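**Student:** Enclosed is the structure file data18.txt (compact mmCIF, C-alpha atoms).
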# COMPACT_ATOMS: atom_id res chain seq x y z
CA MET A 1 -19.26 33.58 -25.24
CA THR A 2 -15.93 31.78 -25.18
CA ALA A 3 -15.49 28.47 -23.41
CA PRO A 4 -13.51 28.52 -20.14
CA ALA A 5 -9.84 27.71 -20.47
CA GLN A 6 -8.94 24.11 -19.73
CA PRO A 7 -6.14 23.33 -17.24
CA LEU A 8 -2.71 22.60 -18.68
CA THR A 9 -2.13 18.83 -18.72
CA LEU A 10 0.53 16.35 -19.79
CA ALA A 11 -1.74 14.61 -22.28
CA VAL A 12 -4.81 15.74 -24.18
CA GLU A 13 -6.42 12.35 -24.18
CA ALA A 14 -5.70 8.87 -22.92
CA GLY A 15 -3.61 7.72 -25.85
CA THR A 16 -0.49 5.59 -25.61
CA GLY A 17 1.24 8.10 -23.35
CA GLY A 18 -1.73 8.31 -21.01
CA ILE A 19 -2.00 4.54 -20.75
CA LEU A 20 1.70 4.17 -20.00
CA LEU A 21 1.62 6.88 -17.32
CA TRP A 22 -1.69 6.18 -15.64
CA VAL A 23 -2.24 2.45 -16.21
CA VAL A 24 1.07 0.64 -16.75
CA LEU A 25 3.31 2.70 -14.48
CA PRO A 26 1.12 2.41 -11.33
CA TYR A 27 1.07 -1.39 -11.55
CA VAL A 28 4.83 -1.52 -12.15
CA VAL A 29 5.39 0.69 -9.11
CA LEU A 30 3.01 -1.39 -7.00
CA ALA A 31 4.86 -4.59 -7.93
CA VAL A 32 8.27 -3.03 -7.21
CA PHE A 33 7.00 -1.64 -3.90
CA VAL A 34 5.71 -5.00 -2.64
CA LEU A 35 8.40 -7.28 -4.05
CA GLY A 36 11.13 -4.79 -3.17
CA HIS A 37 10.19 -4.86 0.50
CA ILE A 38 10.08 -8.65 0.50
CA TRP A 39 13.54 -8.79 -1.10
CA ARG A 40 14.92 -6.13 1.25
CA TYR A 41 13.65 -7.90 4.35
CA ARG A 42 14.95 -11.26 3.19
CA TYR A 43 18.41 -10.27 1.99
CA ASP A 44 19.13 -7.02 3.85
CA LYS A 45 17.35 -7.41 7.17
CA PHE A 46 20.20 -5.81 9.12
CA GLY A 47 20.15 -2.84 6.73
CA TRP A 48 16.47 -2.21 7.50
CA THR A 49 17.24 0.88 9.56
CA THR A 50 17.33 4.67 9.47
CA ARG A 51 21.05 4.68 10.33
CA SER A 52 20.48 7.19 13.13
CA SER A 53 22.95 10.08 13.33
CA GLN A 54 21.76 11.51 16.64
CA LEU A 55 25.12 10.87 18.27
CA TYR A 56 26.78 13.24 15.79
CA GLU A 57 24.39 16.19 16.27
CA SER A 58 21.17 16.62 18.22
CA ARG A 59 20.27 20.34 18.33
CA LEU A 60 19.02 20.65 14.74
CA LEU A 61 17.65 17.12 14.86
CA ARG A 62 15.41 18.00 17.83
CA ILE A 63 13.84 20.77 15.73
CA GLY A 64 13.73 19.30 12.24
CA SER A 65 12.74 15.72 13.01
CA PRO A 66 9.52 16.38 15.00
CA LEU A 67 8.50 19.11 12.54
CA PHE A 68 8.99 16.80 9.56
CA HIS A 69 7.37 13.74 11.13
CA PHE A 70 4.36 15.69 12.43
CA GLY A 71 3.83 17.29 9.03
CA ILE A 72 4.25 14.09 7.02
CA LEU A 73 1.85 12.23 9.34
CA VAL A 74 -0.89 14.81 8.78
CA VAL A 75 -0.15 14.81 5.04
CA LEU A 76 -0.41 11.02 4.96
CA ILE A 77 -3.72 11.02 6.84
CA GLY A 78 -5.06 13.71 4.51
CA HIS A 79 -4.05 11.75 1.41
CA ILE A 80 -5.63 8.57 2.75
CA GLY A 81 -8.86 10.40 3.45
CA GLY A 82 -8.89 12.29 0.17
CA LEU A 83 -7.92 9.42 -2.10
CA LEU A 84 -9.62 6.44 -0.50
CA ILE A 85 -12.82 7.92 0.94
CA PRO A 86 -15.38 8.71 -1.79
CA LYS A 87 -17.01 12.10 -1.90
CA SER A 88 -20.43 10.55 -1.32
CA TRP A 89 -19.28 9.12 2.03
CA THR A 90 -18.32 12.48 3.52
CA GLU A 91 -21.56 14.00 2.26
CA ALA A 92 -23.50 11.10 3.80
CA VAL A 93 -22.16 11.93 7.27
CA GLY A 94 -23.16 15.57 6.89
CA MET A 95 -19.86 17.15 5.77
CA SER A 96 -20.52 19.57 2.94
CA GLU A 97 -18.13 19.99 0.04
CA HIS A 98 -17.27 23.52 1.19
CA THR A 99 -16.40 22.35 4.71
CA TYR A 100 -14.27 19.50 3.39
CA HIS A 101 -12.55 21.79 0.88
CA VAL A 102 -11.67 24.47 3.45
CA SER A 103 -10.47 21.92 6.01
CA ALA A 104 -8.37 20.04 3.47
CA VAL A 105 -6.76 23.20 2.08
CA VAL A 106 -5.98 24.75 5.48
CA LEU A 107 -4.68 21.58 7.15
CA GLY A 108 -2.93 20.42 3.99
CA THR A 109 -1.12 23.72 3.53
CA ILE A 110 -0.03 23.90 7.19
CA ALA A 111 1.12 20.28 7.16
CA GLY A 112 2.93 20.76 3.85
CA VAL A 113 4.80 23.82 5.13
CA CYS A 114 5.75 21.98 8.34
CA THR A 115 6.95 18.97 6.36
CA LEU A 116 8.96 21.07 3.93
CA GLY A 117 10.44 23.19 6.72
CA GLY A 118 11.43 20.15 8.76
CA LEU A 119 12.94 18.48 5.70
CA ALA A 120 14.91 21.65 4.89
CA ILE A 121 16.38 21.65 8.42
CA LEU A 122 17.29 17.96 8.17
CA ILE A 123 18.95 18.45 4.77
CA TYR A 124 20.84 21.51 6.05
CA ARG A 125 22.00 19.50 9.05
CA ARG A 126 23.09 16.62 6.87
CA ARG A 127 25.04 18.96 4.58
CA THR A 128 26.73 21.13 7.20
CA VAL A 129 27.55 18.66 10.00
CA GLY A 130 30.71 16.84 8.93
CA PRO A 131 30.13 13.38 10.47
CA VAL A 132 26.51 13.34 9.32
CA PHE A 133 27.49 14.32 5.79
CA SER A 134 30.18 11.64 5.74
CA ALA A 135 27.55 9.04 6.64
CA THR A 136 25.27 10.19 3.80
CA THR A 137 25.21 7.80 0.84
CA ARG A 138 24.25 8.43 -2.77
CA ASN A 139 21.11 6.46 -2.07
CA ASP A 140 20.23 8.96 0.67
CA LYS A 141 20.81 11.92 -1.65
CA ALA A 142 18.57 10.46 -4.36
CA MET A 143 15.88 9.75 -1.76
CA TYR A 144 16.00 13.33 -0.50
CA VAL A 145 15.65 14.66 -4.06
CA LEU A 146 12.57 12.51 -4.75
CA LEU A 147 11.03 13.26 -1.36
CA THR A 148 11.58 17.01 -1.70
CA ALA A 149 10.21 17.07 -5.25
CA THR A 150 7.07 15.19 -4.20
CA ILE A 151 6.40 17.50 -1.26
CA VAL A 152 7.11 20.70 -3.22
CA LEU A 153 4.90 19.65 -6.13
CA GLY A 154 2.07 18.65 -3.80
CA LEU A 155 2.24 21.94 -1.92
CA ALA A 156 2.49 23.91 -5.17
CA ALA A 157 -0.53 22.10 -6.61
CA THR A 158 -2.60 22.90 -3.50
CA VAL A 159 -1.61 26.57 -3.46
CA ALA A 160 -1.95 27.11 -7.22
CA ALA A 161 -5.31 25.39 -7.59
CA ASN A 162 -7.10 26.10 -4.33
CA ILE A 163 -5.57 29.30 -2.93
CA VAL A 164 -4.36 31.32 -5.93
CA GLY A 165 -6.71 29.73 -8.46
CA GLY A 166 -10.43 29.20 -8.44
CA GLY A 167 -10.30 25.75 -6.86
CA TYR A 168 -9.97 22.21 -8.14
CA ASP A 169 -11.90 19.20 -6.84
CA TYR A 170 -9.43 16.33 -7.11
CA ARG A 171 -11.99 13.98 -5.57
CA GLU A 172 -13.83 13.90 -8.89
CA THR A 173 -10.78 12.91 -10.98
CA ILE A 174 -7.61 11.89 -9.15
CA SER A 175 -9.31 10.04 -6.28
CA PRO A 176 -11.50 7.84 -8.56
CA TRP A 177 -8.45 7.12 -10.73
CA PHE A 178 -6.45 6.06 -7.66
CA ARG A 179 -9.22 3.74 -6.46
CA SER A 180 -9.74 2.34 -9.96
CA ILE A 181 -6.20 0.95 -9.87
CA PHE A 182 -7.11 -1.31 -6.96
CA TYR A 183 -10.41 -2.22 -8.59
CA LEU A 184 -8.29 -3.50 -11.54
CA ARG A 185 -10.24 -1.16 -13.79
CA PRO A 186 -7.86 1.81 -14.21
CA ASP A 187 -9.36 4.83 -15.98
CA PRO A 188 -6.55 7.01 -17.44
CA ASP A 189 -9.06 9.58 -18.73
CA LEU A 190 -9.57 10.76 -15.15
CA MET A 191 -5.90 11.76 -14.88
CA THR A 192 -5.27 13.17 -18.33
CA GLY A 193 -7.64 16.04 -17.59
CA ALA A 194 -6.09 16.97 -14.25
CA PRO A 195 -3.91 20.11 -13.93
CA ILE A 196 -0.25 19.58 -14.70
CA LEU A 197 0.94 20.20 -11.12
CA PHE A 198 -1.33 17.43 -9.84
CA GLN A 199 -0.07 15.11 -12.58
CA LEU A 200 3.58 15.91 -11.78
CA HIS A 201 2.87 15.39 -8.08
CA ALA A 202 1.33 11.98 -8.83
CA LEU A 203 4.28 10.97 -11.05
CA SER A 204 6.87 12.06 -8.49
CA ALA A 205 4.97 10.10 -5.81
CA LEU A 206 5.01 7.00 -8.03
CA LEU A 207 8.79 7.32 -8.50
CA LEU A 208 9.23 7.80 -4.75
CA PHE A 209 7.23 4.65 -3.98
CA ALA A 210 9.26 2.71 -6.55
CA ALA A 211 12.49 3.73 -4.81
CA TRP A 212 11.03 3.36 -1.31
CA PRO A 213 12.01 -0.31 -0.61
CA PHE A 214 15.67 0.43 -1.39
CA THR A 215 16.06 3.49 0.86
CA ARG A 216 15.97 4.27 4.56
CA LEU A 217 12.24 5.03 4.19
CA VAL A 218 11.53 1.36 4.87
CA HIS A 219 11.64 2.12 8.59
CA MET A 220 8.21 3.76 8.28
CA LEU A 221 6.66 0.33 7.69
CA THR A 222 8.05 -1.25 10.83
CA ALA A 223 7.20 -1.06 14.50
CA PRO A 224 9.09 -2.55 17.47
CA LEU A 225 6.23 -4.89 18.41
CA GLY A 226 8.69 -7.61 19.33
CA TYR A 227 9.72 -5.63 22.39
CA LEU A 228 6.29 -6.28 23.90
CA THR A 229 6.87 -10.05 24.05
CA ARG A 230 10.66 -10.25 24.21
CA PRO A 231 11.91 -11.85 27.46
CA TYR A 232 14.04 -9.89 29.87
CA ILE A 233 17.78 -9.98 29.33
CA VAL A 234 19.55 -11.06 32.53
CA TYR A 235 23.06 -9.74 33.08
CA ARG A 236 25.26 -11.63 35.55
CA SER A 237 28.54 -10.44 36.92
CA ARG A 238 31.61 -12.69 36.99
CA ASP A 239 33.01 -10.92 40.03
CA THR A 240 33.10 -12.95 43.24
CA GLN A 241 31.81 -9.94 45.15
CA LEU A 242 28.89 -7.81 43.95
CA GLY A 243 29.18 -4.12 44.81
CA ALA A 244 31.48 -2.44 47.30
CA ARG A 245 30.23 -4.39 50.34
CA ALA A 246 30.39 -8.07 51.02
CA PRO A 247 27.00 -9.83 50.70
CA ARG A 248 25.17 -10.55 53.93
CA ARG A 249 24.66 -14.11 55.09
CA GLY A 250 21.82 -15.74 53.21
CA TRP A 251 22.35 -13.63 50.08
CA GLU A 252 25.20 -15.51 48.50
CA ARG A 253 25.16 -15.88 44.75
CA ALA A 254 23.50 -18.97 43.31
CA GLY A 255 26.01 -21.77 42.82
CA GLN A 256 28.58 -20.16 45.15
CA GLY A 257 29.77 -22.86 47.54
CA ARG A 258 30.90 -22.34 51.08
Please lay out the structure from this file as structure tokens.
**Tutor:**
Amino acid sequence: MTAPAQPLTLAVEAGTGGILLWVVLPYVVLAVFVLGHIWRYRYDKFGWTTRSSQLYESRLLRIGSPLFHFGILVVLIGHIGGLLIPKSWTEAVGMSEHTYHVSAVVLGTIAGVCTLGGLAILIYRRRTVGPVFSATTRNDKAMYVLLTATIVLGLAATVAANIVGGGYDYRETISPWFRSIFYLRPDPDLMTGAPILFQLHALSALLLFAAWPFTRLVHMLTAPLGYLTRPYIVYRSRDTQLGARAPRRGWERAGQGR
């Protein structure tokens, strides 16, 4: 009997290449991600924006933007649950591995398709609408390339391993490796045995997070909480008469002498 074929990987064992990719690089990216946001907020606070282009075109934006944001939100929630929540926790609350696997594959595939479809519409809009294309910087183009590559590789890994293939439980390899980074005990052996599409997806995500602080993606980490406590803005007219009719007696403007 022959041994089952092993999945194609980027490294056979955790040698120098594996340590650089799965130990050194994650900490470099984490440092750039944190320090980059601090630098951006301190020195480019007024550039912390999405540079909205809704005034230039709204029809395609009304379709692509909700589709992309809905999909990426579900993808983000799925990644948080899959990477941060150990397998033993879901089993402890009564969720079997089969139930988790089916739910993750179905929701992940739908969310990935929605995200990719919405992103395709937004890129098409940005390329074909003249004013929007003119407002697109090289930074934006590089961000779109990284974002598209990460989404495509993630969707391809899910389809190839869990729909076309016989299934792959990333919660036994990739998830423990991800958590080991924050435990300060990174284990590169967990990643060197993962299928190549999962490794490429992880690497593209690391590159995306390294570029994140210097792109328009920073707006995802902000919320207009200041509006909840900001005082009202009072507008006063300089005209002697307010409106088309003269004010009735007793309603003169403050400070207006008689």
**Student:** Just the residues within 12 Å of A:Thr148, please, counting all atoms listed in the file, with nothing from its chain fewer than 2 positions along; format it as an mmCIF file with C-alpha atoms, keeping the file's coordinate frame.
**Tutor:**
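Result file part-v2.cif:
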data_model
loop_
_atom_site.group_PDB
_atom_site.id
_atom_site.type_symbol
_atom_site.label_atom_id
_atom_site.label_comp_id
_atom_site.auth_asym_id
_atom_site.auth_seq_id
_atom_site.Cartn_x
_atom_site.Cartn_y
_atom_site.Cartn_z
ATOM 1 C CA PHE A 68 8.990 16.800 9.560
ATOM 2 C CA ILE A 72 4.250 14.090 7.020
ATOM 3 C CA GLY A 112 2.930 20.760 3.850
ATOM 4 C CA VAL A 113 4.800 23.820 5.130
ATOM 5 C CA THR A 115 6.950 18.970 6.360
ATOM 6 C CA LEU A 116 8.960 21.070 3.930
ATOM 7 C CA GLY A 117 10.440 23.190 6.720
ATOM 8 C CA GLY A 118 11.430 20.150 8.760
ATOM 9 C CA LEU A 119 12.940 18.480 5.700
ATOM 10 C CA ALA A 120 14.910 21.650 4.890
ATOM 11 C CA LEU A 122 17.290 17.960 8.170
ATOM 12 C CA ILE A 123 18.950 18.450 4.770
ATOM 13 C CA LYS A 141 20.810 11.920 -1.650
ATOM 14 C CA ALA A 142 18.570 10.460 -4.360
ATOM 15 C CA MET A 143 15.880 9.750 -1.760
ATOM 16 C CA TYR A 144 16.000 13.330 -0.500
ATOM 17 C CA VAL A 145 15.650 14.660 -4.060
ATOM 18 C CA LEU A 146 12.570 12.510 -4.750
ATOM 19 C CA THR A 150 7.070 15.190 -4.200
ATOM 20 C CA ILE A 151 6.400 17.500 -1.260
ATOM 21 C CA VAL A 152 7.110 20.700 -3.220
ATOM 22 C CA LEU A 153 4.900 19.650 -6.130
ATOM 23 C CA GLY A 154 2.070 18.650 -3.800
ATOM 24 C CA LEU A 155 2.240 21.940 -1.920
ATOM 25 C CA ALA A 156 2.490 23.910 -5.170
ATOM 26 C CA HIS A 201 2.870 15.390 -8.080
ATOM 27 C CA SER A 204 6.870 12.060 -8.490
ATOM 28 C CA ALA A 205 4.970 10.100 -5.810
ATOM 29 C CA LEU A 208 9.230 7.800 -4.750
#
**Student:** Which of these, A:Gly166, A:Pro231, A:Gly130, A:Pro26, has the shortest distance to A:Leu207 once you count all atoms listed in the file?
**Tutor:**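 The shortest atom-to-atom distance to A:Leu207 comes from A:Pro26.
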**Student:** Which residues come within 9 Å of A:Thr158, counting only C-alpha atoms, excluding same-chain residues fewer than 2 positions away, as JSON, numbers by chain?
**Tutor:** {"A": [105, 108, 109, 153, 154, 155, 156, 160, 161, 162, 163, 164, 167, 168, 197, 198]}
**Student:** Go through A:Gly78, A:Gly165, A:Pro131, A:Pro86 one by one, measure the shortest atom-to-atom distance of each to A:Gln54 using all atoms listed in the file, and give the residue with the smallest value.
**Tutor:**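 Between A:Gly78, A:Gly165, A:Pro131, A:Pro86, the residue approaching A:Gln54 most closely is A:Pro131.
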**Student:** Which residues are near A:Val24? Cut-off 12 Å, all atoms listed in the file, ignore same chain within fewer than 6 positions. Put them as a list in words.
**Tutor:**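 The residues satisfying every condition are Thr16, Gly17, Gly18, Leu30, Ala31, Ile181, Leu184, Arg185, Pro186, Asp187, Pro188 and Leu206 of chain A.
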**Student:** Between A:Ser53, A:Ser96, A:Thr192, A:Gln199, which residue has the minimum interatomic distance to A:Arg126, considering all atoms listed in the file?
**Tutor:**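 Ranking A:Ser53, A:Ser96, A:Thr192, A:Gln199 by distance to A:Arg126, first place goes to A:Ser53.
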**Student:** Kindly give the distance, in Å, that separates atom CA of A:Thr136 and atom CA of A:Phe46, rounded to a single decimal.
**Tutor:** 17.6 Å
**Student:** Grab the atom CA of A:Asp44 to atom CA of A:Arg125 distance for me, in Å with one decimal place.
**Tutor:**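 Answer for the atom CA of A:Asp44 to atom CA of A:Arg125 separation: 27.2 Å.
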**Student:** Which one is closest to A:Leu107: A:Pro66, A:Ile77, A:Phe182, A:Met220? Count all atoms listed in the file.
**Tutor:** A:Ile77
**Student:** Work out how far atom CA of A:Thr137 is from atom CA of A:Ile121, in Å to one decimal.
**Tutor:**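 Going from atom CA of A:Ile121 over to atom CA of A:Thr137, I get 18.1 Å.
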**Student:** Pick out the closest residue to A:Trp89 from this set: A:Arg51, A:Arg171, A:His37, A:Arg42. Count all atoms listed in the file.
**Tutor:** A:Arg171
**Student:** So, counting only C-alpha atoms, which residue among A:Val218, A:Leu203, A:Leu228, A:Ala92 is closest to A:Leu25?
**Tutor:**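 Of the candidates, the smallest distance to A:Leu25 is held by A:Leu203.
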**Student:** Padding 3 Å on each side, edges along x, y and z: where is the centre of the box around the listed atoms of stretch 77-80 of chain A, and how long are its edges in Å to one decimal? Output it as lines of an AutoDock Vina configuration file.
**Tutor:**
center_x = -4.7
center_y = 11.1
center_z = 4.1
size_x = 7.9
size_y = 11.1
size_z = 11.4
**Student:** As number ranges by chain, please: the residues near A:Leu67 (cut-off 8 Å, only C-alpha atoms, same-chain neighbours under 2 positions excluded).
**Tutor:** A: 63-65, 69-71, 114-115, 117-118
